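Taking it in order: structure first as C-alpha cells, then the write-up.
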Amino acid sequence: NKDNTLSVAPRHVLMEVDAPTSSSAQQPPKQQQHEASAGDAADAESGAPQATTTPTLKKAPKIDSRMFLDRLKALYDHWKANRSDEVDVQEGSGVPKSLWKGCDSIAVVTGDSNAGEATEEEVKLSTTLHLWMLGWELTDTIILFTETAVFFMASSNKIALLAPVKHELEKEKALAGQGLTLECVEKPKGEVVADAFSRIVDAARGSFAGARIGMPMEDTARQRGEFAKAAREALTAAPGLAAVEVAPAVWDMLSVKDQAELKNTRIAASVSVRVLSNQMVPELETVIDEEKTVSHKALSAQAEQFIAKPKGISTKLDLSLLDPCYTPIVQSGGEYDLRPYAVPTSKTLHFGTIICGLGVRYRFYCSNVVRTLFVEPTEEQEKAYRLLLEAQQVALNYMKPGNTLGTVYSKARAHIESRRPDLVSAFAKSIGFGMGLQLVDSALNITSHSPVVIKAGMVFNLSLAFTKLQADSEADPKRRVYAMEIADTVVIGDNTEPEVLTKDCDKQWSQISYNFQQEQQSDEEKEEEKVVKEPKEPEAPVAQPSLGLRSRARESKGNAEAQRMKQHQEELARQKQMEVRRMTNSKKDDDSSAASSAMSSQAPAAQVSSYADPSAFPKDASLSKIYVDTAREVVLVPCLGCLVPFHISMVKNVTSRDEYLRINFNPPPSSKQDEFANYIREVTVRVSDAKALANTERLIKDLRKKMATRITDTRNKQEVVAQEKLVFSRSRVLRLSDLYIYPTLAGKRATGTLEAHVNGFRFLTGRGVIVDVLYKNIKHAFLQPAEKELIVLVHFHLHHPIMVGKKKTLDVQFYTEVMEVSTSLDHGHHSTWDADELEEEQRERDRRAKLNQDFHSFVKHVEEMEAPASAGGGPVVEFDMPYRALGFYGVPGRNRVLLQPTVHCLVNLSEPPTFVLTLDEVEIVHLERISKQGGYMLKNFDMVFVLKDFSLPVVHINSVPVESLETVREWLDSCNIKFYEGPTNLNWAHVMSTIRDDVPGFYEDGGWSFLELPSSDEDDDGADASESDFNPGSGDDGSFSGSSSSSDGDASNASEDEASASYDEDEDEDVIAVLSDDDEDEEVSDKKAKAKTKTKPIKPAPSK
C-alpha cells in the first residue's frame, strides 16, 4: 500500500505489490513470488515508497503473444457471429435481442485492486477477461475492441509489455487480413480528467455504426479507484453512445474452453483427486480410527497444507502455480452447509456422516471434488446414497452438446422421483455450475429452468446432494440429521460421453463406508483360463496319384520358371552367407552381453515380513482353527500350541479330503537352498467342521488367485513403455464411429469412436474408456475391407506393447460388423425369390459398400497427414492391405485360419487371436513334411519361420494344405526369402540352442545348407519310380525310401515314419537335424559332417 504497509488480498483478487522494476502486471500472491511482480507505474511516478518486505524480481512479466492472438481471434469470431441488430419488438426497449446486443464496440475497464476491500465470493469479469487474454491483470487499464483495432489505454510501463504482442499481430494473417491492429494510448500522469478519454470515445464512435458500446455494466460499476471512476463516466455519458450490457455474452464466450484451458483444468482436477484420495481422506481415517478430537477448522487448514505440497504428482509440476479455489470442506455432526465458500466451524469432527471436499486452481483454472464418508451407516443411508449415484449417472448421460441444463436437472430429479418420491424434497435445487477461471459461473447453474444449451468444451462442477435427511431411530442426536453430496469436475465432449476428470476419486459405497462391526471379506476374482495345447498326432499318408500327375504337367510346362526360382534361391543363400559373415562378430558380442546382463538381472527372492512379532497377529485368530489374514496375505496354522504364519506366496496349492486339509508349499529358490537347510514341504490339518474346511480352502485359493493376478498386472505394467501424451488436432478431426476394439475392454464388447489427431489415434468408448495409439509406436498398419468377411477393420501392430484395459498387447484392432455374425435359424420356409430376403441382401450389399468406402476414406486422409519435420516428415502412417488371392489356410496357433500376405507381413486379422509376422525379420523358412519320392503325399505340410534374432523362438504354421505349396513357394521367392524343404519335422528348440552356442562356427560350416535335400541321382530314380505302377505288395519301387519290409501297409508305415520321425532327446551329444532315413548315400553324410551334425536312426512308428 502507499502508506508503506503490505496487505494480503483474497484469493480471487489479484494484488499488485511495489517492486524495483519498470513493468506493472499482476499475478496471484504465490505465482507473484515465483515468477514476477510488478509495481504500478503510476505509483512509481508519484513517488510512493517501496515496500521493504516484497521479494526482488528476477525477471519481468511477459505476455504470451501466441495465446493473446488465439484468444483475440476467438473473441472477434464470437462477437461478429452474435451481434445482430435485430430488435425485439415485443420487449419495447429498442435494444437488439442478440447475445452482444448489437454493440458496435466493447470496453473493459479495470481499476485499482488495492482501493477498498474485496470479498472472496466477488467475481470480477474484467479480471477474468484479462487473465483469459493476457495471463495477467493490468490494473487501471481500458481495453476497447472496435471493428478494425484493439485499443489499450494504460501507463507507459504496461504499454511496453504489449510491444511484442503488437509485432506478432502484424504477422498474423488470420487477423491482419481483416485489417485488425493494436493501438496503445498512454494514460496521462497525475489527475485524470474527462478529456483524457477522447481518443477512446472517438474510436468507439468510429466502429461499425458507432451507436452502442458494450460493457459489463455491473462489473464496471464495482471497479475502484479514480481512474476507473473517470473512465466509467466518460464512456457511459458520451453523447450519441449508448452503453449496453454484454456480460452474458462474455460469459458465454468464456464457457467453451480451448485445448490449453482444458489441459490446465485436467491438471487441476488430477491434483484435487490426489490430495483428497491420498492425503485428506487417509487423514480423516486416521482420526476416526484413533478416535482423535480434531476440529473441522483444523482439518480444513491441514487440507490447505496438503494442496501446497501434494503427494503422488509429477515432480515437473510447478507447485507455485497451485492454489486452493476455496477453503476445503470438512463438515459433520448434523450441521451441513453445502455452499462452495462455506466457512469451516470450530466444532469437533463427529464420527457419523462426514462431507469432505476441496478445489484446486492451476494457472487460474479451477476444479472441484466432494465426497461423503459414512461411519457405521444405516441401511437407509446406503439406499439413499446409491440412489444419488444413480442420479449422477443419469445426469451425465444427458450432459451432451445440444441438451439444455434444465433437461439435465429434470432427468436427474425424475429418476429420484420414480424411485423414492419421499426424497425429492431433500434433493438440491441446483446440481452444479460452470467452471473455468472462476470457480462459479452463475450463468451456467444447472437448475430446473436453465435454458442454457450445452456445448462441447464446457466444464462443469456436477454436484448432487440430499440435504436435511432425518434418521429418527438414531440414539445419537448428531446422527439424526445428515446430508450427502457427490461433486465431480466434468468436461463436455464432442457428441460423446462427458469426461469425468475426477472419476479416480473413490465414490462407490464399499469405498466410502466404514463398518467396524462386520468382518470384511475379499472379493472373488476370476483367473484367466490357461489353454493347454493338445499334442498333434501324425497324419497318415493319403494316396493322391492325380496330384502327382498335375505336378509333373505343371513342371514340364513351367520348367523355365522353376529353374529361375532355383537360381534365385541359390543367389539368396549366397547373399545371406555374405551378410551374416559381416555381422557375425558384432552379433556375437551383442549375444554375450545380453546373456551376461540377463544373468546379472536375476535378483534374489524378495523378503516378506507380514508381522513384526506375534503380538501383531489378528485378535480373532485362535489356536482352534486355521485363520486366513486376507489383509496381510498370510495363512495362520495352529501347530504345537502356537500359530505359525505362512505367507501366501509360499503356498503351492491346497486340497481337502474327508476331514483333512493339505497345504503344499513351494520349495525355496535354488540360490537359497543349503546342503544342511530344512524346509516345510506340506502341512496336513484335521478339521472336523466340514463347512469350516470348505470355507478355509476357498479363502486360501482366492488369496492365491488375488496375489497371482496382482503380480501379473504389475509385471505387465512394468514392461509397458511409457508413451508421450496425445496432441489433439485443432482442425477438423478425422473420425470413424461405432467401432469395436480388440482386445476387448474388461471382457465386454464396447462401441466407440476412433479419432486421428496430431501424433496418434484415440479410441473413446461410450463409457469414457480411452485407448491411445501413437503414430511413432505403430510398426505396421493394415486396412482389411469386407470382401468375403463379415467385418471391416483397421489393425495396428506396435513396436512396444500398450495396456488395453488390463491386458498388455502388441496388436490393437478396430472393426465393425457388416452384418450379424450369428443368425437365428427357425423352421420356417425360405424361398429363393422372397422379396423380403432379396431386399435384405441388397441392404447388406449397400452397407458393405458404404463401410468399405468410409474406412478407405479414413485411411486415405490419415495417409495424407504429414509428420513434423523433427520426425523426418512424410506420412504419419502407411497402411497395408492383405492380398486375398495369395492367401492360404494354416494353423499358427490353435485354430485353422486364412493367412494372407501383405507387402511387409503375413497376417491373419479376421479371427482371434490375430497373427502378424514381419517378413523383414525372417532369416529363412523351412517347409516340413514334404517328400519328393513315391506317388504318395501327405495332405498338409508345415512351415517354420526362423527369425533373424536367434534369441526368439521360431514361428510355426502347421497343417497348410498341400494344394497351396506352389503358391507358398512363389510368394516366398518373390519376397526374397530363402526357403528349404524337408520330409520331417525338426526339433527346433535343440536346433536353435545349438546354433546360439556357436553362431560364427555355424555359418563357417555352411550355415543352413544342412537343410538342403539331396541333389543326386536319387531324385531322378525317384521320379522314374513314381512313374511306374504302384504296387503296395511289391516292396520295391512302390515303397518309400527307408522301408525294410514288403508286407501290406509298408508304404503307409514308411510314410508315417517320415511324418513322425524323432530322436532321443536325452542324448548328451547335440543334434542339429534329422534327415530322411538310414540309407542315405556318402554325399549326404559328407554334408552332415561339414555342418557338424549327427543323425540318429529313425525309429518306425507303430502302424495304426
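Naming scheme: A, B, ... for chains in displayed order of the C-alpha cells; residues 1 onward per chain; ligands 1 onward as shown.
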Please identify which residues in stretch 744-960 of chain A DSSP calls alpha helix (DSSP H) from the backbone, and express them as an NGL selection string.
-> :A and (835-864)
| said: as a list in words, please: the residues near stretch 257-263 of chain A (cut-off 9 Å, only C-alpha atoms, same-chain neighbours under 2 positions excluded). | reply: Met253, Leu254, Ser255, Thr265, Arg266, Ile267, Ala268, Tyr365, Gly436, Ala456, Gly457, Met458, Val459, Val491, Phe728 and Arg730 of chain A
Nearby residues (only C-alpha atoms) at most 10 Å from A:Val275, same-chain spacing under 3 positions excluded, as number ranges by chain: A: 269-272, 278-282, 303-313, 357-360, 505
Env of stretch 440-455 of chain A: 8 Å cut, atoms = only C-alpha atoms, seq-sep filter 4 positions within chain, self excluded. Answer as a compact mmCIF listing (two decimals) with N, CA, C and O atoms, in the first residue's frame.
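Output below, filename part_0.txt:
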# COMPACT_ATOMS: atom_id res chain seq x y z
N PRO A 248 -23.44 -11.25 -20.19
CA PRO A 248 -23.82 -12.62 -20.58
C PRO A 248 -23.08 -13.12 -21.82
O PRO A 248 -22.76 -14.30 -21.91
N TRP A 251 -19.53 -14.16 -20.72
CA TRP A 251 -19.54 -15.44 -20.02
C TRP A 251 -19.81 -16.58 -20.99
O TRP A 251 -19.24 -17.68 -20.86
N VAL A 256 -16.83 -21.94 -23.25
CA VAL A 256 -16.26 -23.00 -24.09
C VAL A 256 -14.74 -22.89 -24.02
O VAL A 256 -14.17 -21.86 -24.40
N MET A 399 -25.65 -34.94 -20.28
CA MET A 399 -24.73 -33.81 -20.43
C MET A 399 -23.99 -33.95 -21.76
O MET A 399 -22.80 -34.28 -21.81
N LYS A 400 -24.71 -33.70 -22.82
CA LYS A 400 -24.18 -33.79 -24.17
C LYS A 400 -24.52 -32.53 -24.93
O LYS A 400 -25.51 -31.86 -24.62
N PRO A 401 -23.70 -32.18 -25.93
CA PRO A 401 -23.99 -30.98 -26.72
C PRO A 401 -25.40 -31.01 -27.30
O PRO A 401 -25.85 -32.03 -27.84
N GLY A 402 -26.10 -29.90 -27.19
CA GLY A 402 -27.45 -29.80 -27.72
C GLY A 402 -28.53 -29.84 -26.65
O GLY A 402 -29.61 -29.27 -26.83
N ASN A 403 -28.28 -30.52 -25.54
CA ASN A 403 -29.24 -30.55 -24.44
C ASN A 403 -29.12 -29.27 -23.60
O ASN A 403 -28.07 -28.63 -23.56
N THR A 404 -30.18 -28.93 -22.92
CA THR A 404 -30.15 -27.77 -22.03
C THR A 404 -29.79 -28.23 -20.62
O THR A 404 -29.98 -29.40 -20.24
N LEU A 405 -29.32 -27.27 -19.82
CA LEU A 405 -29.00 -27.58 -18.42
C LEU A 405 -30.27 -27.92 -17.65
O LEU A 405 -30.24 -28.74 -16.71
N GLY A 406 -31.39 -27.32 -18.04
CA GLY A 406 -32.66 -27.65 -17.40
C GLY A 406 -33.04 -29.09 -17.62
O GLY A 406 -33.60 -29.75 -16.72
N THR A 407 -32.74 -29.63 -18.80
CA THR A 407 -33.02 -31.04 -19.09
C THR A 407 -32.19 -31.95 -18.19
O THR A 407 -32.70 -32.96 -17.68
N VAL A 408 -30.94 -31.60 -17.98
CA VAL A 408 -30.07 -32.41 -17.13
C VAL A 408 -30.64 -32.49 -15.72
O VAL A 408 -30.73 -33.58 -15.13
N TYR A 409 -31.04 -31.35 -15.17
CA TYR A 409 -31.60 -31.35 -13.81
C TYR A 409 -32.91 -32.14 -13.76
O TYR A 409 -33.13 -32.94 -12.84
N SER A 410 -33.76 -31.91 -14.74
CA SER A 410 -35.07 -32.55 -14.73
C SER A 410 -34.96 -34.07 -14.80
O SER A 410 -35.70 -34.79 -14.12
N LYS A 429 -31.70 -27.89 -5.06
CA LYS A 429 -32.35 -27.11 -6.11
C LYS A 429 -31.43 -26.85 -7.29
O LYS A 429 -31.88 -26.49 -8.38
N SER A 430 -30.15 -27.00 -7.09
CA SER A 430 -29.16 -26.85 -8.16
C SER A 430 -28.18 -28.00 -8.04
O SER A 430 -27.78 -28.38 -6.93
N ILE A 431 -27.81 -28.57 -9.16
CA ILE A 431 -26.91 -29.73 -9.13
C ILE A 431 -25.58 -29.41 -9.82
O ILE A 431 -24.92 -30.30 -10.36
N GLY A 432 -25.18 -28.15 -9.78
CA GLY A 432 -23.87 -27.83 -10.32
C GLY A 432 -23.83 -26.48 -10.99
O GLY A 432 -24.83 -25.74 -11.05
N PHE A 433 -22.65 -26.17 -11.51
CA PHE A 433 -22.43 -24.88 -12.16
C PHE A 433 -21.22 -25.00 -13.07
O PHE A 433 -20.43 -25.94 -12.97
N GLY A 434 -21.10 -24.01 -13.96
CA GLY A 434 -19.95 -23.97 -14.85
C GLY A 434 -18.70 -23.53 -14.12
O GLY A 434 -18.77 -22.83 -13.09
N MET A 435 -17.54 -23.93 -14.62
CA MET A 435 -16.27 -23.56 -14.00
C MET A 435 -15.29 -23.14 -15.09
O MET A 435 -15.45 -23.45 -16.26
N GLY A 436 -14.25 -22.47 -14.66
CA GLY A 436 -13.19 -22.03 -15.56
C GLY A 436 -12.20 -21.21 -14.78
O GLY A 436 -11.63 -21.67 -13.79
N ILE A 492 -17.36 -31.52 -21.21
CA ILE A 492 -18.29 -31.94 -22.26
C ILE A 492 -17.49 -32.25 -23.53
O ILE A 492 -16.67 -31.44 -23.97
Any idea what's packed within 10 Å of A:Phe796, counting only C-alpha atoms, ignoring anything in its chain fewer than 4 positions away? Could you give it as an mmCIF file with N, CA, C and O atoms, in the first residue's frame?
data_model
loop_
_atom_site.group_PDB
_atom_site.id
_atom_site.type_symbol
_atom_site.label_atom_id
_atom_site.label_comp_id
_atom_site.auth_asym_id
_atom_site.auth_seq_id
_atom_site.Cartn_x
_atom_site.Cartn_y
_atom_site.Cartn_z
ATOM 1 N N VAL A 773 -3.154 -44.696 -29.311
ATOM 2 C CA VAL A 773 -2.136 -45.387 -30.104
ATOM 3 C C VAL A 773 -1.370 -44.315 -30.859
ATOM 4 O O VAL A 773 -1.922 -43.663 -31.757
ATOM 5 N N TYR A 775 1.381 -42.614 -33.401
ATOM 6 C CA TYR A 775 1.876 -42.971 -34.725
ATOM 7 C C TYR A 775 3.275 -43.579 -34.655
ATOM 8 O O TYR A 775 3.583 -44.554 -35.348
ATOM 9 N N ASN A 777 4.606 -45.331 -32.480
ATOM 10 C CA ASN A 777 4.624 -46.684 -31.903
ATOM 11 C C ASN A 777 4.026 -47.721 -32.845
ATOM 12 O O ASN A 777 4.026 -48.909 -32.529
ATOM 13 N N ILE A 778 3.507 -47.296 -33.994
ATOM 14 C CA ILE A 778 2.889 -48.227 -34.934
ATOM 15 C C ILE A 778 3.967 -48.809 -35.841
ATOM 16 O O ILE A 778 4.628 -48.090 -36.587
ATOM 17 N N LYS A 779 4.141 -50.100 -35.779
ATOM 18 C CA LYS A 779 5.108 -50.798 -36.628
ATOM 19 C C LYS A 779 4.499 -51.133 -37.985
ATOM 20 O O LYS A 779 5.134 -50.936 -39.019
ATOM 21 N N HIS A 780 3.281 -51.645 -37.971
ATOM 22 C CA HIS A 780 2.555 -51.940 -39.207
ATOM 23 C C HIS A 780 1.098 -51.540 -39.011
ATOM 24 O O HIS A 780 0.527 -51.759 -37.939
ATOM 25 N N ALA A 781 0.510 -50.965 -40.050
ATOM 26 C CA ALA A 781 -0.912 -50.619 -40.046
ATOM 27 C C ALA A 781 -1.584 -51.307 -41.220
ATOM 28 O O ALA A 781 -1.032 -51.335 -42.328
ATOM 29 N N PHE A 782 -2.758 -51.883 -40.982
ATOM 30 C CA PHE A 782 -3.462 -52.641 -42.010
ATOM 31 C C PHE A 782 -4.902 -52.160 -42.141
ATOM 32 O O PHE A 782 -5.526 -51.787 -41.145
ATOM 33 N N LEU A 783 -5.371 -52.185 -43.366
ATOM 34 C CA LEU A 783 -6.785 -51.988 -43.657
ATOM 35 C C LEU A 783 -7.279 -53.235 -44.379
ATOM 36 O O LEU A 783 -6.729 -53.607 -45.418
ATOM 37 N N LEU A 810 0.437 -56.229 -28.180
ATOM 38 C CA LEU A 810 1.188 -55.628 -29.282
ATOM 39 C C LEU A 810 0.302 -55.380 -30.491
ATOM 40 O O LEU A 810 0.768 -54.793 -31.477
ATOM 41 N N ASP A 811 -0.936 -55.843 -30.446
ATOM 42 C CA ASP A 811 -1.844 -55.706 -31.575
ATOM 43 C C ASP A 811 -3.152 -55.100 -31.092
ATOM 44 O O ASP A 811 -3.748 -55.577 -30.125
ATOM 45 N N VAL A 812 -3.576 -54.035 -31.778
ATOM 46 C CA VAL A 812 -4.834 -53.369 -31.461
ATOM 47 C C VAL A 812 -5.645 -53.282 -32.750
ATOM 48 O O VAL A 812 -5.121 -52.872 -33.788
ATOM 49 N N GLN A 813 -6.891 -53.678 -32.667
ATOM 50 C CA GLN A 813 -7.739 -53.727 -33.862
ATOM 51 C C GLN A 813 -9.058 -53.011 -33.592
ATOM 52 O O GLN A 813 -9.631 -53.140 -32.506
ATOM 53 N N PHE A 814 -9.507 -52.248 -34.615
ATOM 54 C CA PHE A 814 -10.787 -51.557 -34.533
ATOM 55 C C PHE A 814 -11.624 -52.015 -35.731
ATOM 56 O O PHE A 814 -11.174 -51.918 -36.869
ATOM 57 N N PHE A 879 -0.646 -47.604 -44.622
ATOM 58 C CA PHE A 879 -1.468 -48.790 -44.408
ATOM 59 C C PHE A 879 -1.182 -49.834 -45.492
ATOM 60 O O PHE A 879 -0.988 -49.504 -46.665
ATOM 61 N N VAL A 916 0.468 -61.635 -36.761
ATOM 62 C CA VAL A 916 1.222 -60.717 -37.621
ATOM 63 C C VAL A 916 2.686 -61.128 -37.564
ATOM 64 O O VAL A 916 3.285 -61.170 -36.486
#
What separation in Å, quoted to one decimal, exists between atom CA of A:Ile957 and atom CA of A:Glu1012?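 Result for atom CA of A:Ile957 versus atom CA of A:Glu1012: 20.1 Å, one decimal.
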Margin query: Env of A:Leu349: 9 Å cut, atoms = only C-alpha atoms, seq-sep filter 3 positions within chain, self excluded. Answer as a PyMOL selection string.
Written below: chain A and resi 287-288+292-296+299+330-333+352+354
Might you pull out every residue within 10 Å of A:His757, with only C-alpha atoms counted and same-chain residues fewer than 6 positions away left off, and present them as a short mmCIF file (atom, residue, chain, number, x, y, z; two decimals) with all heavy atoms, in the first residue's frame?
data_model
loop_
_atom_site.label_atom_id
_atom_site.label_comp_id
_atom_site.auth_asym_id
_atom_site.auth_seq_id
_atom_site.Cartn_x
_atom_site.Cartn_y
_atom_site.Cartn_z
N LEU A 726 -0.92 -37.52 -26.01
CA LEU A 726 -1.57 -37.29 -27.29
C LEU A 726 -1.78 -35.79 -27.49
O LEU A 726 -2.25 -35.09 -26.61
CB LEU A 726 -2.91 -38.02 -27.35
CG LEU A 726 -3.63 -38.01 -28.70
CD1 LEU A 726 -2.89 -38.90 -29.69
CD2 LEU A 726 -5.07 -38.50 -28.54
N VAL A 727 -1.41 -35.31 -28.69
CA VAL A 727 -1.61 -33.91 -29.06
C VAL A 727 -2.88 -33.82 -29.89
O VAL A 727 -2.96 -34.42 -30.97
CB VAL A 727 -0.41 -33.36 -29.85
CG1 VAL A 727 -0.65 -31.89 -30.23
CG2 VAL A 727 0.87 -33.50 -29.03
N PHE A 728 -3.86 -33.10 -29.39
CA PHE A 728 -5.15 -33.04 -30.06
C PHE A 728 -5.09 -32.11 -31.27
O PHE A 728 -4.39 -31.10 -31.27
CB PHE A 728 -6.24 -32.56 -29.09
CG PHE A 728 -6.50 -33.50 -27.97
CD1 PHE A 728 -5.90 -33.33 -26.74
CD2 PHE A 728 -7.32 -34.60 -28.15
CE1 PHE A 728 -6.11 -34.21 -25.70
CE2 PHE A 728 -7.56 -35.48 -27.12
CZ PHE A 728 -6.95 -35.29 -25.90
N SER A 729 -5.84 -32.47 -32.28
CA SER A 729 -5.89 -31.69 -33.51
C SER A 729 -6.82 -30.49 -33.31
O SER A 729 -7.92 -30.63 -32.77
CB SER A 729 -6.40 -32.55 -34.67
OG SER A 729 -6.56 -31.78 -35.84
N ARG A 730 -6.38 -29.33 -33.76
CA ARG A 730 -7.20 -28.13 -33.66
C ARG A 730 -8.08 -27.95 -34.89
O ARG A 730 -9.01 -27.15 -34.87
CB ARG A 730 -6.32 -26.89 -33.49
CG ARG A 730 -5.56 -26.87 -32.15
CD ARG A 730 -4.93 -25.53 -31.91
NE ARG A 730 -4.30 -25.47 -30.59
CZ ARG A 730 -3.73 -24.38 -30.08
NH1 ARG A 730 -3.72 -23.27 -30.79
NH2 ARG A 730 -3.19 -24.40 -28.88
N SER A 731 -7.75 -28.63 -35.96
CA SER A 731 -8.57 -28.56 -37.17
C SER A 731 -9.62 -29.66 -37.13
O SER A 731 -9.88 -30.26 -36.09
CB SER A 731 -7.68 -28.69 -38.41
OG SER A 731 -6.98 -29.91 -38.38
N ARG A 732 -10.22 -29.93 -38.26
CA ARG A 732 -11.26 -30.96 -38.33
C ARG A 732 -10.66 -32.33 -37.99
O ARG A 732 -9.66 -32.74 -38.56
CB ARG A 732 -11.87 -30.99 -39.73
CG ARG A 732 -13.05 -31.95 -39.86
CD ARG A 732 -13.66 -31.84 -41.26
NE ARG A 732 -12.73 -32.31 -42.26
CZ ARG A 732 -12.66 -33.58 -42.66
NH1 ARG A 732 -13.46 -34.49 -42.15
NH2 ARG A 732 -11.80 -33.93 -43.61
N VAL A 733 -11.29 -33.01 -37.07
CA VAL A 733 -10.78 -34.30 -36.59
C VAL A 733 -11.38 -35.43 -37.43
O VAL A 733 -12.59 -35.48 -37.65
CB VAL A 733 -11.13 -34.50 -35.10
CG1 VAL A 733 -10.64 -35.86 -34.61
CG2 VAL A 733 -10.54 -33.38 -34.26
N LEU A 734 -10.50 -36.32 -37.92
CA LEU A 734 -10.96 -37.48 -38.67
C LEU A 734 -11.53 -38.51 -37.69
O LEU A 734 -10.89 -38.83 -36.68
CB LEU A 734 -9.81 -38.09 -39.47
CG LEU A 734 -9.15 -37.17 -40.50
CD1 LEU A 734 -7.95 -37.86 -41.12
CD2 LEU A 734 -10.14 -36.77 -41.58
N ARG A 735 -12.71 -39.05 -38.02
CA ARG A 735 -13.37 -39.97 -37.09
C ARG A 735 -13.96 -41.16 -37.83
O ARG A 735 -14.40 -41.04 -38.96
CB ARG A 735 -14.49 -39.27 -36.33
CG ARG A 735 -14.03 -38.27 -35.29
CD ARG A 735 -15.21 -37.76 -34.48
NE ARG A 735 -14.79 -36.82 -33.44
CZ ARG A 735 -14.67 -35.53 -33.61
NH1 ARG A 735 -14.94 -35.01 -34.80
NH2 ARG A 735 -14.28 -34.75 -32.63
N LEU A 774 -0.11 -44.10 -30.50
CA LEU A 774 0.69 -43.06 -31.13
C LEU A 774 1.25 -43.55 -32.46
O LEU A 774 1.58 -44.73 -32.63
CB LEU A 774 1.84 -42.65 -30.21
CG LEU A 774 1.42 -42.09 -28.84
CD1 LEU A 774 2.64 -41.62 -28.08
CD2 LEU A 774 0.43 -40.95 -28.99
N TYR A 775 1.38 -42.61 -33.40
CA TYR A 775 1.88 -42.97 -34.73
C TYR A 775 3.28 -43.58 -34.66
O TYR A 775 3.58 -44.55 -35.35
CB TYR A 775 1.91 -41.73 -35.63
CG TYR A 775 0.57 -41.10 -35.88
CD1 TYR A 775 0.42 -39.71 -35.94
CD2 TYR A 775 -0.57 -41.88 -36.05
CE1 TYR A 775 -0.81 -39.12 -36.17
CE2 TYR A 775 -1.81 -41.29 -36.28
CZ TYR A 775 -1.93 -39.92 -36.33
OH TYR A 775 -3.15 -39.35 -36.56
N VAL A 862 -5.78 -40.12 -43.43
CA VAL A 862 -4.69 -40.28 -42.45
C VAL A 862 -3.35 -40.35 -43.17
O VAL A 862 -2.35 -39.76 -42.71
CB VAL A 862 -4.93 -41.55 -41.60
CG1 VAL A 862 -3.70 -41.85 -40.75
CG2 VAL A 862 -6.14 -41.36 -40.71
N MET A 865 -1.86 -37.03 -44.02
CA MET A 865 -1.32 -36.20 -42.94
C MET A 865 0.20 -36.28 -42.93
O MET A 865 0.78 -37.36 -43.07
CB MET A 865 -1.88 -36.65 -41.59
CG MET A 865 -3.38 -36.49 -41.46
SD MET A 865 -4.04 -37.27 -39.95
CE MET A 865 -3.18 -36.33 -38.69
#
Q | Atom pair atom CA of A:Phe151 / atom CA of A:Val185: separation (Å) | A |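 Distance reported for this atom pair: 7.1 Å.
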For the strand (DSSP E or B) assignment from backbone DSSP, which residues of stretch 396-521 of chain A qualify? Please present them as a ChimeraX atom specification. /A:404,427,432-434,441,453,458-470,481-491,499-500,513-514
